[in-house]
file coords11.json (JSON, C-alpha atoms (C1' of nucleotides))
[["chain", "number", "residue", "atom", "x", "y", "z"],
["A", 193, "MET", "CA", 97.56, 56.93, 76.28],
["A", 194, "ARG", "CA", 100.57, 54.69, 75.76],
["A", 195, "ILE", "CA", 103.57, 54.49, 73.54],
["A", 196, "THR", "CA", 103.57, 51.22, 71.55],
["A", 197, "HIS", "CA", 105.64, 48.20, 72.51],
["A", 198, "GLU", "CA", 107.60, 48.84, 69.35],
["A", 199, "ALA", "CA", 108.65, 52.28, 70.63],
["A", 200, "ASP", "CA", 109.61, 50.76, 73.95],
["A", 201, "TYR", "CA", 111.75, 48.17, 72.14],
["A", 202, "ALA", "CA", 113.29, 50.95, 70.06],
["A", 203, "ILE", "CA", 114.45, 52.63, 73.24],
["A", 204, "ARG", "CA", 116.09, 49.40, 74.41],
["A", 205, "VAL", "CA", 117.76, 49.00, 71.02],
["A", 206, "ALA", "CA", 119.00, 52.58, 70.95],
["A", 207, "HIS", "CA", 120.23, 52.24, 74.51],
["A", 208, "TYR", "CA", 122.11, 49.08, 73.61],
["A", 209, "LEU", "CA", 123.76, 50.88, 70.70],
["A", 210, "ALA", "CA", 124.65, 53.79, 72.98],
["A", 211, "CYS", "CA", 126.40, 51.38, 75.36],
["A", 212, "ALA", "CA", 128.11, 49.42, 72.58],
["A", 213, "ASN", "CA", 130.08, 52.36, 71.19],
["A", 214, "ASP", "CA", 130.85, 50.35, 68.08],
["A", 215, "LYS", "CA", 129.20, 48.69, 65.09],
["A", 216, "VAL", "CA", 126.86, 45.88, 66.16],
["A", 217, "SER", "CA", 125.07, 43.30, 64.01],
["A", 218, "ALA", "CA", 121.30, 42.97, 64.01],
["A", 219, "LYS", "CA", 121.65, 39.49, 65.42],
["A", 220, "GLN", "CA", 123.66, 40.75, 68.36],
["A", 221, "ILE", "CA", 121.11, 43.51, 69.01],
["A", 222, "SER", "CA", 118.27, 41.02, 68.89],
["A", 223, "GLU", "CA", 119.92, 38.63, 71.30],
["A", 224, "SER", "CA", 120.94, 41.32, 73.75],
["A", 225, "THR", "CA", 117.64, 43.17, 73.87],
["A", 226, "GLY", "CA", 115.26, 40.21, 73.65],
["A", 227, "VAL", "CA", 113.52, 41.65, 70.58],
["A", 228, "THR", "CA", 113.03, 39.10, 67.78],
["A", 229, "LEU", "CA", 115.43, 39.53, 64.88],
["A", 230, "ARG", "CA", 112.79, 40.36, 62.27],
["A", 231, "PHE", "CA", 111.13, 42.91, 64.49],
["A", 232, "ALA", "CA", 114.46, 44.44, 65.46],
["A", 233, "LEU", "CA", 115.27, 44.87, 61.76],
["A", 234, "LYS", "CA", 111.99, 46.68, 61.24],
["A", 235, "ILE", "CA", 112.68, 48.99, 64.17],
["A", 236, "LEU", "CA", 116.24, 49.66, 63.00],
["A", 237, "ARG", "CA", 114.95, 50.66, 59.58],
["A", 238, "LYS", "CA", 112.67, 53.28, 61.16],
["A", 239, "LEU", "CA", 115.52, 54.58, 63.31],
["A", 240, "ILE", "CA", 117.68, 54.88, 60.20],
["A", 241, "GLN", "CA", 114.97, 56.82, 58.37],
["A", 242, "ALA", "CA", 114.87, 59.23, 61.30],
["A", 243, "ASP", "CA", 118.66, 59.65, 61.07],
["A", 244, "LEU", "CA", 119.15, 58.34, 64.59],
["A", 245, "VAL", "CA", 121.08, 55.25, 63.49],
["A", 246, "LYS", "CA", 123.36, 54.42, 60.58],
["A", 247, "SER", "CA", 124.04, 51.02, 59.05],
["A", 248, "PHE", "CA", 126.95, 49.32, 57.32],
["A", 249, "LYS", "CA", 126.46, 46.61, 54.71],
["A", 250, "GLY", "CA", 128.63, 43.68, 53.89],
["A", 251, "VAL", "CA", 130.32, 40.85, 55.72],
["A", 252, "SER", "CA", 131.40, 42.87, 58.74],
["A", 253, "GLY", "CA", 128.43, 45.23, 58.64],
["A", 254, "GLY", "CA", 126.13, 46.32, 61.44],
["A", 255, "TYR", "CA", 124.50, 49.29, 63.10],
["A", 256, "MET", "CA", 125.56, 52.19, 65.27],
["A", 257, "LEU", "CA", 124.16, 55.50, 66.50],
["A", 258, "ASN", "CA", 124.38, 58.32, 64.01],
["A", 259, "ARG", "CA", 124.96, 60.94, 66.72],
["A", 260, "SER", "CA", 126.30, 61.26, 70.23],
["A", 261, "SER", "CA", 124.00, 59.64, 72.78],
["A", 262, "SER", "CA", 123.69, 63.03, 74.48],
["A", 263, "ASP", "CA", 122.06, 64.25, 71.29],
["A", 264, "ILE", "CA", 119.39, 61.55, 70.99],
["A", 265, "SER", "CA", 116.24, 61.97, 73.06],
["A", 266, "PHE", "CA", 113.48, 59.59, 74.04],
["A", 267, "GLY", "CA", 111.01, 61.89, 72.34],
["A", 268, "GLU", "CA", 112.83, 61.52, 69.04],
["A", 269, "ILE", "CA", 112.97, 57.75, 69.31],
["A", 270, "ILE", "CA", 109.27, 57.51, 70.16],
["A", 271, "GLU", "CA", 108.26, 59.80, 67.30],
["A", 272, "ALA", "CA", 110.51, 57.89, 64.88],
["A", 273, "ILE", "CA", 108.48, 54.76, 65.63],
["A", 274, "ASP", "CA", 104.97, 55.91, 66.56],
["A", 275, "GLY", "CA", 104.77, 59.18, 64.69],
["A", 276, "PRO", "CA", 104.08, 62.58, 66.27],
["A", 277, "ILE", "CA", 103.24, 62.60, 69.98],
["A", 278, "ALA", "CA", 99.57, 63.56, 70.35],
["A", 279, "ILE", "CA", 97.56, 62.89, 73.49],
["A", 280, "ASN", "CA", 94.29, 63.49, 71.68],
["A", 281, "HIS", "CA", 93.29, 62.67, 68.11],
["A", 282, "CYS", "CA", 92.23, 66.32, 67.62],
["A", 283, "LEU", "CA", 95.91, 67.34, 67.73],
["A", 284, "THR", "CA", 96.83, 65.30, 64.65],
["A", 285, "ALA", "CA", 97.03, 66.63, 61.12],
["A", 286, "GLU", "CA", 94.37, 64.37, 59.67],
["A", 287, "PHE", "CA", 91.73, 65.21, 62.28],
["A", 288, "ASP", "CA", 88.65, 67.09, 61.17],
["A", 289, "CYS", "CA", 86.76, 68.33, 64.20],
["A", 290, "THR", "CA", 83.00, 67.80, 64.43],
["A", 291, "ARG", "CA", 82.58, 70.05, 67.45],
["A", 292, "VAL", "CA", 83.12, 73.46, 65.95],
["A", 293, "ALA", "CA", 83.59, 74.86, 62.48],
["A", 294, "GLN", "CA", 87.03, 76.35, 63.15],
["A", 295, "LYS", "CA", 89.07, 73.95, 65.18],
["A", 296, "SER", "CA", 91.41, 76.71, 66.31],
["A", 297, "GLN", "CA", 88.48, 78.15, 68.26],
["A", 298, "CYS", "CA", 88.04, 75.08, 70.44],
["A", 299, "ASP", "CA", 89.06, 75.61, 74.06],
["A", 300, "PHE", "CA", 89.51, 71.89, 74.65],
["A", 301, "ARG", "CA", 91.89, 71.61, 71.79],
["A", 302, "ARG", "CA", 93.93, 74.54, 73.04],
["A", 303, "MET", "CA", 94.15, 72.92, 76.45],
["A", 304, "PHE", "CA", 95.20, 69.55, 75.01],
["A", 305, "ALA", "CA", 97.77, 71.26, 72.82],
["A", 306, "ALA", "CA", 99.35, 72.96, 75.83],
["A", 307, "ILE", "CA", 99.54, 69.74, 77.84],
["A", 308, "ASN", "CA", 100.82, 67.85, 74.83],
["A", 309, "LYS", "CA", 103.61, 70.36, 74.30],
["A", 310, "GLN", "CA", 104.66, 70.02, 77.90],
["A", 311, "LEU", "CA", 104.77, 66.22, 77.64],
["A", 312, "ARG", "CA", 106.63, 66.36, 74.36],
["A", 313, "ASP", "CA", 109.20, 68.84, 75.70],
["A", 314, "GLU", "CA", 109.73, 66.58, 78.67],
["A", 315, "LEU", "CA", 110.37, 63.54, 76.48],
["A", 316, "TYR", "CA", 112.71, 65.53, 74.26],
["A", 317, "SER", "CA", 114.72, 66.69, 77.26],
["A", 318, "ILE", "CA", 115.65, 63.14, 78.25],
["A", 319, "THR", "CA", 118.64, 61.88, 76.32],
["A", 320, "LEU", "CA", 120.18, 58.46, 75.95],
["A", 321, "ASP", "CA", 123.48, 59.35, 77.65],
["A", 322, "LYS", "CA", 121.69, 59.65, 80.99],
["A", 323, "PHE", "CA", 121.21, 55.89, 80.94],
["A", 324, "VAL", "CA", 124.71, 54.86, 79.91],
["A", 325, "SER", "CA", 126.87, 53.84, 82.84],
["B", 162, "MET", "CA", 99.95, 57.99, 72.96],
["B", 163, "ARG", "CA", 96.33, 59.13, 72.72],
["B", 164, "ILE", "CA", 93.21, 59.14, 74.78],
["B", 165, "THR", "CA", 90.43, 57.17, 73.05],
["B", 166, "HIS", "CA", 87.62, 58.80, 71.11],
["B", 167, "GLU", "CA", 85.33, 57.53, 73.82],
["B", 168, "ALA", "CA", 87.20, 59.57, 76.45],
["B", 169, "ASP", "CA", 87.06, 62.61, 74.20],
["B", 170, "TYR", "CA", 83.30, 62.13, 73.83],
["B", 171, "ALA", "CA", 83.01, 61.73, 77.60],
["B", 172, "ILE", "CA", 84.57, 65.15, 78.04],
["B", 173, "ARG", "CA", 82.02, 66.66, 75.66],
["B", 174, "VAL", "CA", 79.21, 64.90, 77.51],
["B", 175, "ALA", "CA", 80.45, 66.04, 80.92],
["B", 176, "HIS", "CA", 80.93, 69.54, 79.61],
["B", 177, "TYR", "CA", 77.39, 69.58, 78.29],
["B", 178, "LEU", "CA", 76.09, 68.46, 81.68],
["B", 179, "ALA", "CA", 78.16, 71.14, 83.38],
["B", 180, "CYS", "CA", 76.56, 73.79, 81.17],
["B", 181, "ALA", "CA", 73.05, 72.37, 81.54],
["B", 182, "ASN", "CA", 72.86, 72.79, 85.31],
["B", 183, "ASP", "CA", 69.82, 70.50, 85.38],
["B", 184, "LYS", "CA", 68.73, 66.95, 84.66],
["B", 185, "VAL", "CA", 69.10, 66.08, 80.96],
["B", 186, "SER", "CA", 67.90, 62.99, 79.09],
["B", 187, "ALA", "CA", 70.32, 60.74, 77.21],
["B", 188, "LYS", "CA", 68.58, 61.65, 73.97],
["B", 189, "GLN", "CA", 69.16, 65.34, 74.57],
["B", 190, "ILE", "CA", 72.81, 64.68, 75.42],
["B", 191, "SER", "CA", 73.25, 62.59, 72.29],
["B", 192, "GLU", "CA", 71.70, 65.22, 70.04],
["B", 193, "SER", "CA", 73.64, 68.09, 71.55],
["B", 194, "THR", "CA", 77.04, 66.42, 71.59],
["B", 195, "GLY", "CA", 76.83, 64.50, 68.32],
["B", 196, "VAL", "CA", 77.56, 61.19, 70.04],
["B", 197, "THR", "CA", 75.20, 58.37, 69.03],
["B", 198, "LEU", "CA", 72.59, 57.54, 71.64],
["B", 199, "ARG", "CA", 73.81, 54.00, 72.31],
["B", 200, "PHE", "CA", 77.38, 55.08, 72.68],
["B", 201, "ALA", "CA", 76.42, 58.01, 74.90],
["B", 202, "LEU", "CA", 74.56, 55.59, 77.17],
["B", 203, "LYS", "CA", 77.67, 53.44, 77.46],
["B", 204, "ILE", "CA", 79.79, 56.46, 78.33],
["B", 205, "LEU", "CA", 77.26, 57.72, 80.86],
["B", 206, "ARG", "CA", 77.28, 54.37, 82.60],
["B", 207, "LYS", "CA", 81.05, 54.56, 83.05],
["B", 208, "LEU", "CA", 80.80, 58.12, 84.34],
["B", 209, "ILE", "CA", 78.19, 56.97, 86.85],
["B", 210, "GLN", "CA", 80.40, 54.12, 88.04],
["B", 211, "ALA", "CA", 83.15, 56.67, 88.65],
["B", 212, "ASP", "CA", 80.71, 58.81, 90.67],
["B", 213, "LEU", "CA", 81.11, 61.73, 88.32],
["B", 214, "VAL", "CA", 77.49, 61.64, 87.17],
["B", 215, "LYS", "CA", 74.22, 60.60, 88.76],
["B", 216, "SER", "CA", 71.10, 59.38, 87.01],
["B", 217, "PHE", "CA", 67.36, 59.49, 87.62],
["B", 218, "LYS", "CA", 65.12, 56.73, 86.38],
["B", 219, "GLY", "CA", 61.55, 56.92, 85.23],
["B", 220, "VAL", "CA", 59.48, 59.04, 82.89],
["B", 221, "SER", "CA", 61.13, 62.35, 83.69],
["B", 222, "GLY", "CA", 64.53, 60.84, 84.35],
["B", 223, "GLY", "CA", 67.91, 61.92, 83.08],
["B", 224, "TYR", "CA", 71.48, 62.64, 84.05],
["B", 225, "MET", "CA", 73.34, 65.36, 85.86],
["B", 226, "LEU", "CA", 76.79, 65.92, 87.35],
["B", 227, "ASN", "CA", 77.28, 64.40, 90.76],
["B", 228, "ARG", "CA", 79.57, 67.23, 91.92],
["B", 229, "SER", "CA", 80.32, 70.83, 91.23],
["B", 230, "SER", "CA", 82.02, 71.29, 87.85],
["B", 231, "SER", "CA", 84.96, 72.87, 89.68],
["B", 232, "ASP", "CA", 85.45, 69.51, 91.36],
["B", 233, "ILE", "CA", 85.56, 67.34, 88.21],
["B", 234, "SER", "CA", 88.83, 67.17, 86.31],
["B", 235, "PHE", "CA", 89.71, 66.02, 82.81],
["B", 236, "GLY", "CA", 92.04, 63.46, 84.35],
["B", 237, "GLU", "CA", 89.19, 61.88, 86.26],
["B", 238, "ILE", "CA", 86.96, 61.74, 83.20],
["B", 239, "ILE", "CA", 89.70, 60.18, 81.07],
["B", 240, "GLU", "CA", 90.53, 57.58, 83.70],
["B", 241, "ALA", "CA", 86.85, 56.77, 84.19],
["B", 242, "ILE", "CA", 86.68, 55.79, 80.52],
["B", 243, "ASP", "CA", 90.15, 54.57, 79.55],
["B", 244, "GLY", "CA", 91.46, 53.33, 82.89],
["B", 245, "PRO", "CA", 94.61, 54.60, 84.60],
["B", 246, "ILE", "CA", 96.76, 57.05, 82.67],
["B", 247, "ALA", "CA", 100.00, 55.27, 81.71],
["B", 248, "ILE", "CA", 102.30, 56.49, 78.94],
["B", 249, "ASN", "CA", 104.13, 53.17, 78.84],
["B", 250, "HIS", "CA", 102.83, 49.63, 79.32],
["B", 251, "CYS", "CA", 105.49, 49.06, 81.97],
["B", 252, "LEU", "CA", 103.64, 51.45, 84.31],
["B", 253, "THR", "CA", 100.50, 49.31, 84.40],
["B", 254, "ALA", "CA", 99.62, 46.80, 87.08],
["B", 255, "GLU", "CA", 99.52, 43.77, 84.78],
["B", 256, "PHE", "CA", 102.92, 44.39, 83.22],
["B", 257, "ASP", "CA", 105.68, 41.90, 83.86],
["B", 258, "CYS", "CA", 109.00, 43.33, 82.73],
["B", 259, "THR", "CA", 111.32, 41.21, 80.60],
["B", 260, "ARG", "CA", 114.23, 43.61, 80.91],
["B", 261, "VAL", "CA", 115.27, 43.16, 84.50],
["B", 262, "ALA", "CA", 114.30, 40.86, 87.34],
["B", 263, "GLN", "CA", 113.16, 43.62, 89.65],
["B", 264, "LYS", "CA", 111.20, 46.17, 87.72],
["B", 265, "SER", "CA", 111.73, 48.77, 90.42],
["B", 266, "GLN", "CA", 115.40, 48.72, 89.50],
["B", 267, "CYS", "CA", 114.78, 49.85, 85.93],
["B", 268, "ASP", "CA", 115.94, 53.39, 85.20],
["B", 269, "PHE", "CA", 113.67, 53.68, 82.17],
["B", 270, "ARG", "CA", 110.65, 52.78, 84.21],
["B", 271, "ARG", "CA", 111.53, 55.36, 86.86],
["B", 272, "MET", "CA", 111.86, 58.00, 84.18],
["B", 273, "PHE", "CA", 108.54, 57.08, 82.56],
["B", 274, "ALA", "CA", 106.88, 57.08, 85.97],
["B", 275, "ALA", "CA", 108.08, 60.61, 86.69],
["B", 276, "ILE", "CA", 106.88, 61.95, 83.34],
["B", 277, "ASN", "CA", 103.61, 60.08, 83.69],
["B", 278, "LYS", "CA", 102.97, 61.62, 87.09],
["B", 279, "GLN", "CA", 103.55, 65.07, 85.71],
["B", 280, "LEU", "CA", 101.11, 64.47, 82.85],
["B", 281, "ARG", "CA", 98.54, 63.00, 85.18],
["B", 282, "ASP", "CA", 98.81, 65.89, 87.64],
["B", 283, "GLU", "CA", 98.37, 68.29, 84.78],
["B", 284, "LEU", "CA", 95.21, 66.56, 83.58],
["B", 285, "TYR", "CA", 93.85, 66.44, 87.12],
["B", 286, "SER", "CA", 94.42, 70.16, 87.59],
["B", 287, "ILE", "CA", 92.12, 71.09, 84.72],
["B", 288, "THR", "CA", 88.51, 71.18, 85.83],
["B", 289, "LEU", "CA", 85.26, 71.41, 83.93],
["B", 290, "ASP", "CA", 84.25, 74.82, 85.29],
["B", 291, "LYS", "CA", 87.08, 76.44, 83.32],
["B", 292, "PHE", "CA", 85.14, 75.66, 80.14],
["B", 293, "VAL", "CA", 81.71, 76.82, 81.25],
["B", 294, "SER", "CA", 80.89, 80.30, 80.09],
["C", 3, "DT", "C1'", 49.34, 49.68, 83.71],
["C", 4, "DG", "C1'", 52.08, 51.35, 80.15],
["C", 5, "DA", "C1'", 55.03, 54.76, 78.13],
["C", 6, "DA", "C1'", 59.35, 56.86, 78.92],
["C", 7, "DT", "C1'", 63.40, 56.51, 80.72],
["C", 8, "DG", "C1'", 67.85, 54.23, 82.43],
["C", 9, "DT", "C1'", 70.77, 49.40, 83.18],
["C", 10, "DA", "C1'", 73.33, 45.44, 81.90],
["C", 11, "DT", "C1'", 75.39, 42.09, 79.06],
["C", 12, "DA", "C1'", 76.90, 40.55, 75.01],
["C", 13, "DC", "C1'", 78.10, 40.91, 70.38],
["C", 14, "DT", "C1'", 80.31, 42.57, 65.94],
["C", 15, "DA", "C1'", 82.80, 45.38, 62.61],
["C", 16, "DA", "C1'", 86.73, 48.12, 61.86],
["C", 17, "DG", "C1'", 91.17, 49.60, 62.84],
["C", 18, "DT", "C1'", 95.74, 49.13, 64.97],
["C", 19, "DT", "C1'", 99.56, 46.65, 66.67],
["C", 20, "DT", "C1'", 102.73, 43.08, 66.64],
["C", 21, "DG", "C1'", 104.90, 40.37, 64.58],
["C", 22, "DT", "C1'", 106.52, 36.98, 60.25],
["C", 23, "DA", "C1'", 107.89, 35.59, 55.43],
["C", 24, "DA", "C1'", 110.13, 35.87, 51.24],
["C", 25, "DA", "C1'", 112.60, 37.94, 47.67],
["C", 26, "DC", "C1'", 115.89, 41.29, 46.67],
["C", 27, "DG", "C1'", 120.19, 44.46, 46.89],
["C", 28, "DA", "C1'", 124.91, 45.75, 48.32],
["C", 29, "DA", "C1'", 129.43, 45.22, 50.13],
["C", 30, "DA", "C1'", 133.57, 42.76, 52.02],
["C", 31, "DG", "C1'", 136.92, 39.35, 51.27],
["C", 32, "DG", "C1'", 138.91, 35.32, 49.26],
["D", 95, "DC", "C1'", 134.32, 37.82, 40.27],
["D", 96, "DC", "C1'", 131.56, 35.41, 42.96],
["D", 97, "DT", "C1'", 130.18, 33.72, 47.34],
["D", 98, "DT", "C1'", 128.95, 34.80, 51.83],
["D", 99, "DT", "C1'", 127.16, 37.84, 55.04],
["D", 100, "DC", "C1'", 124.50, 41.20, 56.09],
["D", 101, "DG", "C1'", 120.89, 45.00, 55.28],
["D", 102, "DT", "C1'", 116.34, 46.51, 52.59],
["D", 103, "DT", "C1'", 111.80, 46.31, 50.99],
["D", 104, "DT", "C1'", 107.24, 44.83, 50.43],
["D", 105, "DA", "C1'", 103.64, 42.19, 51.62],
["D", 106, "DC", "C1'", 101.05, 39.42, 54.60],
["D", 107, "DA", "C1'", 98.59, 37.58, 58.79],
["D", 108, "DA", "C1'", 97.37, 36.77, 63.58],
["D", 109, "DA", "C1'", 96.09, 39.01, 67.84],
["D", 110, "DC", "C1'", 94.35, 42.71, 70.23],
["D", 111, "DT", "C1'", 91.86, 47.09, 70.98],
["D", 112, "DT", "C1'", 88.46, 50.40, 69.87],
["D", 113, "DA", "C1'", 84.12, 51.93, 68.42],
["D", 114, "DG", "C1'", 79.70, 51.21, 67.95],
["D", 115, "DT", "C1'", 75.23, 48.22, 68.03],
["D", 116, "DA", "C1'", 71.58, 44.98, 69.57],
["D", 117, "DT", "C1'", 68.75, 42.84, 72.78],
["D", 118, "DA", "C1'", 66.53, 42.16, 76.85],
["D", 119, "DC", "C1'", 65.51, 43.96, 81.26],
["D", 120, "DA", "C1'", 64.38, 47.24, 85.36],
["D", 121, "DT", "C1'", 62.48, 51.41, 87.31],
["D", 122, "DT", "C1'", 59.57, 55.37, 87.77],
["D", 123, "DC", "C1'", 55.65, 58.29, 87.37],
["D", 124, "DA", "C1'", 51.35, 59.82, 85.38]]
call {"tool": "encode", "arguments": {"input": "coords11.json", "output": "structure tokens"}}
result
Amino acid sequence: MRITHEADYAIRVAHYLACANDKVSAKQISESTGVTLRFALKILRKLIQADLVKSFKGVSGGYMLNRSSSDISFGEIIEAIDGPIAINHCLTAEFDCTRVAQKSQCDFRRMFAAINKQLRDELYSITLDKFVS
Amino acid sequence: MRITHEADYAIRVAHYLACANDKVSAKQISESTGVTLRFALKILRKLIQADLVKSFKGVSGGYMLNRSSSDISFGEIIEAIDGPIAINHCLTAEFDCTRVAQKSQCDFRRMFAAINKQLRDELYSITLDKFVS
DNA sequence: TGAATGTATACTAAGTTTGTAAACGAAAGG
DNA sequence: CCTTTCGTTTACAAACTTAGTATACATTCA
């Protein structure tokens, strides 16, 4: 019932970028957030794939947010790293339920889906700008 | 961000006991829920330790709920198996934050704590009796 | 007393997470 | 144009967690 450390680091990284307001090198990000350089690079790649961050190559390259910090939510960052938010395995695409033939008929699943949606909405409502002083 | 399979099984087991309304053997529980006998025994032990289930030894022994099904929530069952509900590692007792000296000062942590409480309350508000026909 | 049941501890296999390593690709600037 | 600086990609491996099993033991009741 936890987000991974990687997702937690990703939030720190994104927050750092939100505060920076300018292109920042991976090395700088690593040193400022306490995430090892290699791991930070891995996280940045996932954030780029999710269109949350953009990168610049070359001698004076670096990273910056791809959108306004008011338009980037914690939910998005978490899902960019960990994949879809799902409090129970039965809510994921690959799950094949052994309880009932038609999984849409399962009351438990319906209940989990409702709670999951509420949690997800909550995480999507919290944006990075709320943490930028 | 998921409950474990074991917690999911525990819900099935508890639900089966809620429907049974009488002492049931581990074998019967295993066969009815599709959880292997050994694993069901392990789960039952944890449910007993959390006072959700009581057991009877001897030849005609078995298990039954320790309280009314309207008094047993999904939150309790999940915590009995997986431990305290915590969406981020930083909300757990053993966590030692590397971000700031005083973890109570961390805005992220406060935010996660609020969302976590909401999720937990939600899971505690859903009781077994709602799934007994 | 012994068959049927639950209890307790410990172990193992499989899967996931958390990183690390190495080789490659692209762009700025001299 | 070519070197330096930085980002990209793929693959690997150690550590941890989960899921499930095995073994030995304790209790009850006929």
call {"tool": "residues_around", "arguments": {"input": "coords11.json", "residues": "Lys207 of chain B", "least_positions_apart": "4", "cutoff": "8 Å", "atoms": "all atoms listed in the file", "output": "PDB file with C-alpha atoms, in the frame of the given file"}}
result
ATOM      1  CA  LYS B 203      77.670  53.440  77.460  1.00  0.00           C
ATOM      2  CA  ALA B 211      83.150  56.670  88.650  1.00  0.00           C
ATOM      3  CA  ALA B 241      86.850  56.770  84.190  1.00  0.00           C
ATOM      4  CA  ILE B 242      86.680  55.790  80.520  1.00  0.00           C
TER       5      ILE B 242
END
call {"tool": "atom_distance", "arguments": {"input": "coords11.json", "atom1": "atom CA of Ile276 of chain B", "atom2": "atom CA of Cys298 of chain A"}}
result
26.3 Å
call {"tool": "residues_around", "arguments": {"input": "coords11.json", "residues": "segment 172-189 of chain B", "least_positions_apart": "2", "cutoff": "8 Å", "atoms": "all atoms listed in the file", "output": "list in words"}}
result
Ala168, Asp169, Tyr170, Ser191, Glu192, Ser193, Thr194, Leu198, Ala201, Leu202, Gly222, Gly223, Tyr224, Met225, Leu226, Ser230, Phe235, Ile238, Ile239, Leu289, Asp290, Phe292, Val293 and Ser294 of chain B
call {"tool": "interface_residues", "arguments": {"input": "coords11.json", "of": "chain D", "to": "chain A", "cutoff": "7 Å", "atoms": "all atoms listed in the file", "output": "number ranges by chain"}}
result
D: 99-101
call {"tool": "write_last_selection", "arguments": {"input": "coords11.json", "atoms": "C-alpha atoms (C1' of nucleotides)", "output": "compact mmCIF listing (two decimals), keeping the file's coordinate frame"}}
result
# COMPACT_ATOMS: atom_id res chain seq x y z
C1' DT D 99 127.16 37.84 55.04
C1' DC D 100 124.50 41.20 56.09
C1' DG D 101 120.89 45.00 55.28
call {"tool": "closest_residue", "arguments": {"input": "coords11.json", "among": "B:Ile190, B:Asp243, B:Ser286, B:Ala274", "to": "His166 of chain B", "atoms": "all atoms listed in the file"}}
result
B:Asp243
call {"tool": "closest_atom_pairs", "arguments": {"input": "coords11.json", "of": "chain C", "to": "chain A", "cutoff": "12 Å", "atoms": "all atoms listed in the file", "output": "CSV"}}
result
residue,atom,partner,partner_atom,distance
C:DT18,C1',A:Thr196,CA,10.4
C:DT19,C1',A:Thr196,CA,7.8
C:DT20,C1',A:Glu198,CA,8.0
C:DG21,C1',A:Phe231,CA,6.7
C:DT22,C1',A:Arg230,CA,7.4
C:DA23,C1',A:Arg230,CA,9.7
C:DG27,C1',A:Lys249,CA,10.3
C:DA28,C1',A:Lys249,CA,6.6
C:DA29,C1',A:Gly250,CA,4.1
C:DA30,C1',A:Val251,CA,5.3
C:DG31,C1',A:Val251,CA,8.1
call {"tool": "interface_residues", "arguments": {"input": "coords11.json", "of": "chain B", "to": "chain A", "cutoff": "7 Å", "atoms": "only C-alpha atoms", "output": "compact mmCIF listing (two decimals) with C-alpha atoms, in the coordinates of the input"}}
result
# COMPACT_ATOMS: atom_id res chain seq x y z
CA MET B 162 99.95 57.99 72.96
CA ARG B 163 96.33 59.13 72.72
CA ILE B 164 93.21 59.14 74.78
CA ILE B 246 96.76 57.05 82.67
CA ALA B 247 100.00 55.27 81.71
CA ILE B 248 102.30 56.49 78.94
CA ASN B 249 104.13 53.17 78.84
CA HIS B 250 102.83 49.63 79.32
CA LEU B 280 101.11 64.47 82.85
call {"tool": "residues_near_point", "arguments": {"input": "coords11.json", "point": "(70.4, 47.0, 67.1)", "cutoff": "12 Å", "atoms": "only C-alpha atoms (C1' of nucleotides)", "output": "ChimeraX atom specification"}}
result
/B:198-199 /C:13-14 /D:114-118
call {"tool": "closest_residue", "arguments": {"input": "coords11.json", "among": "B:Leu208, B:Asn227, B:Arg271, B:Arg281", "to": "Ala171 of chain B", "atoms": "all atoms listed in the file"}}
result
B:Leu208
call {"tool": "residues_near_point", "arguments": {"input": "coords11.json", "point": "(115.2, 42.7, 45.9)", "cutoff": "10 Å", "atoms": "only C-alpha atoms (C1' of nucleotides)", "output": "short mmCIF file (atom, residue, chain, number, x, y, z; two decimals) with C-alpha atoms (C1' of nucleotides), keeping the file's coordinate frame"}}
result
data_model
loop_
_atom_site.label_atom_id
_atom_site.label_comp_id
_atom_site.auth_asym_id
_atom_site.auth_seq_id
_atom_site.Cartn_x
_atom_site.Cartn_y
_atom_site.Cartn_z
"C1'" DA C 25 112.60 37.94 47.67
"C1'" DC C 26 115.89 41.29 46.67
"C1'" DG C 27 120.19 44.46 46.89
"C1'" DT D 102 116.34 46.51 52.59
"C1'" DT D 103 111.80 46.31 50.99
"C1'" DT D 104 107.24 44.83 50.43
#
call {"tool": "atom_distance", "arguments": {"input": "coords11.json", "atom1": "atom C1' of DA113 of chain D", "atom2": "atom C1' of DA16 of chain C"}}
result
8.0 Å
call {"tool": "atom_distance", "arguments": {"input": "coords11.json", "atom1": "atom CA of Cys289 of chain A", "atom2": "atom CA of Ile204 of chain B"}}
result
19.7 Å
call {"tool": "axis_aligned_box", "arguments": {"input": "coords11.json", "around": "segment 255-260 of chain A", "padding_each_side": "3 Å", "output": "AutoDock Vina command-line options"}}
result
--center_x 125.2 --center_y 55.3 --center_z 66.7 --size_x 8.1 --size_y 18.0 --size_z 13.1
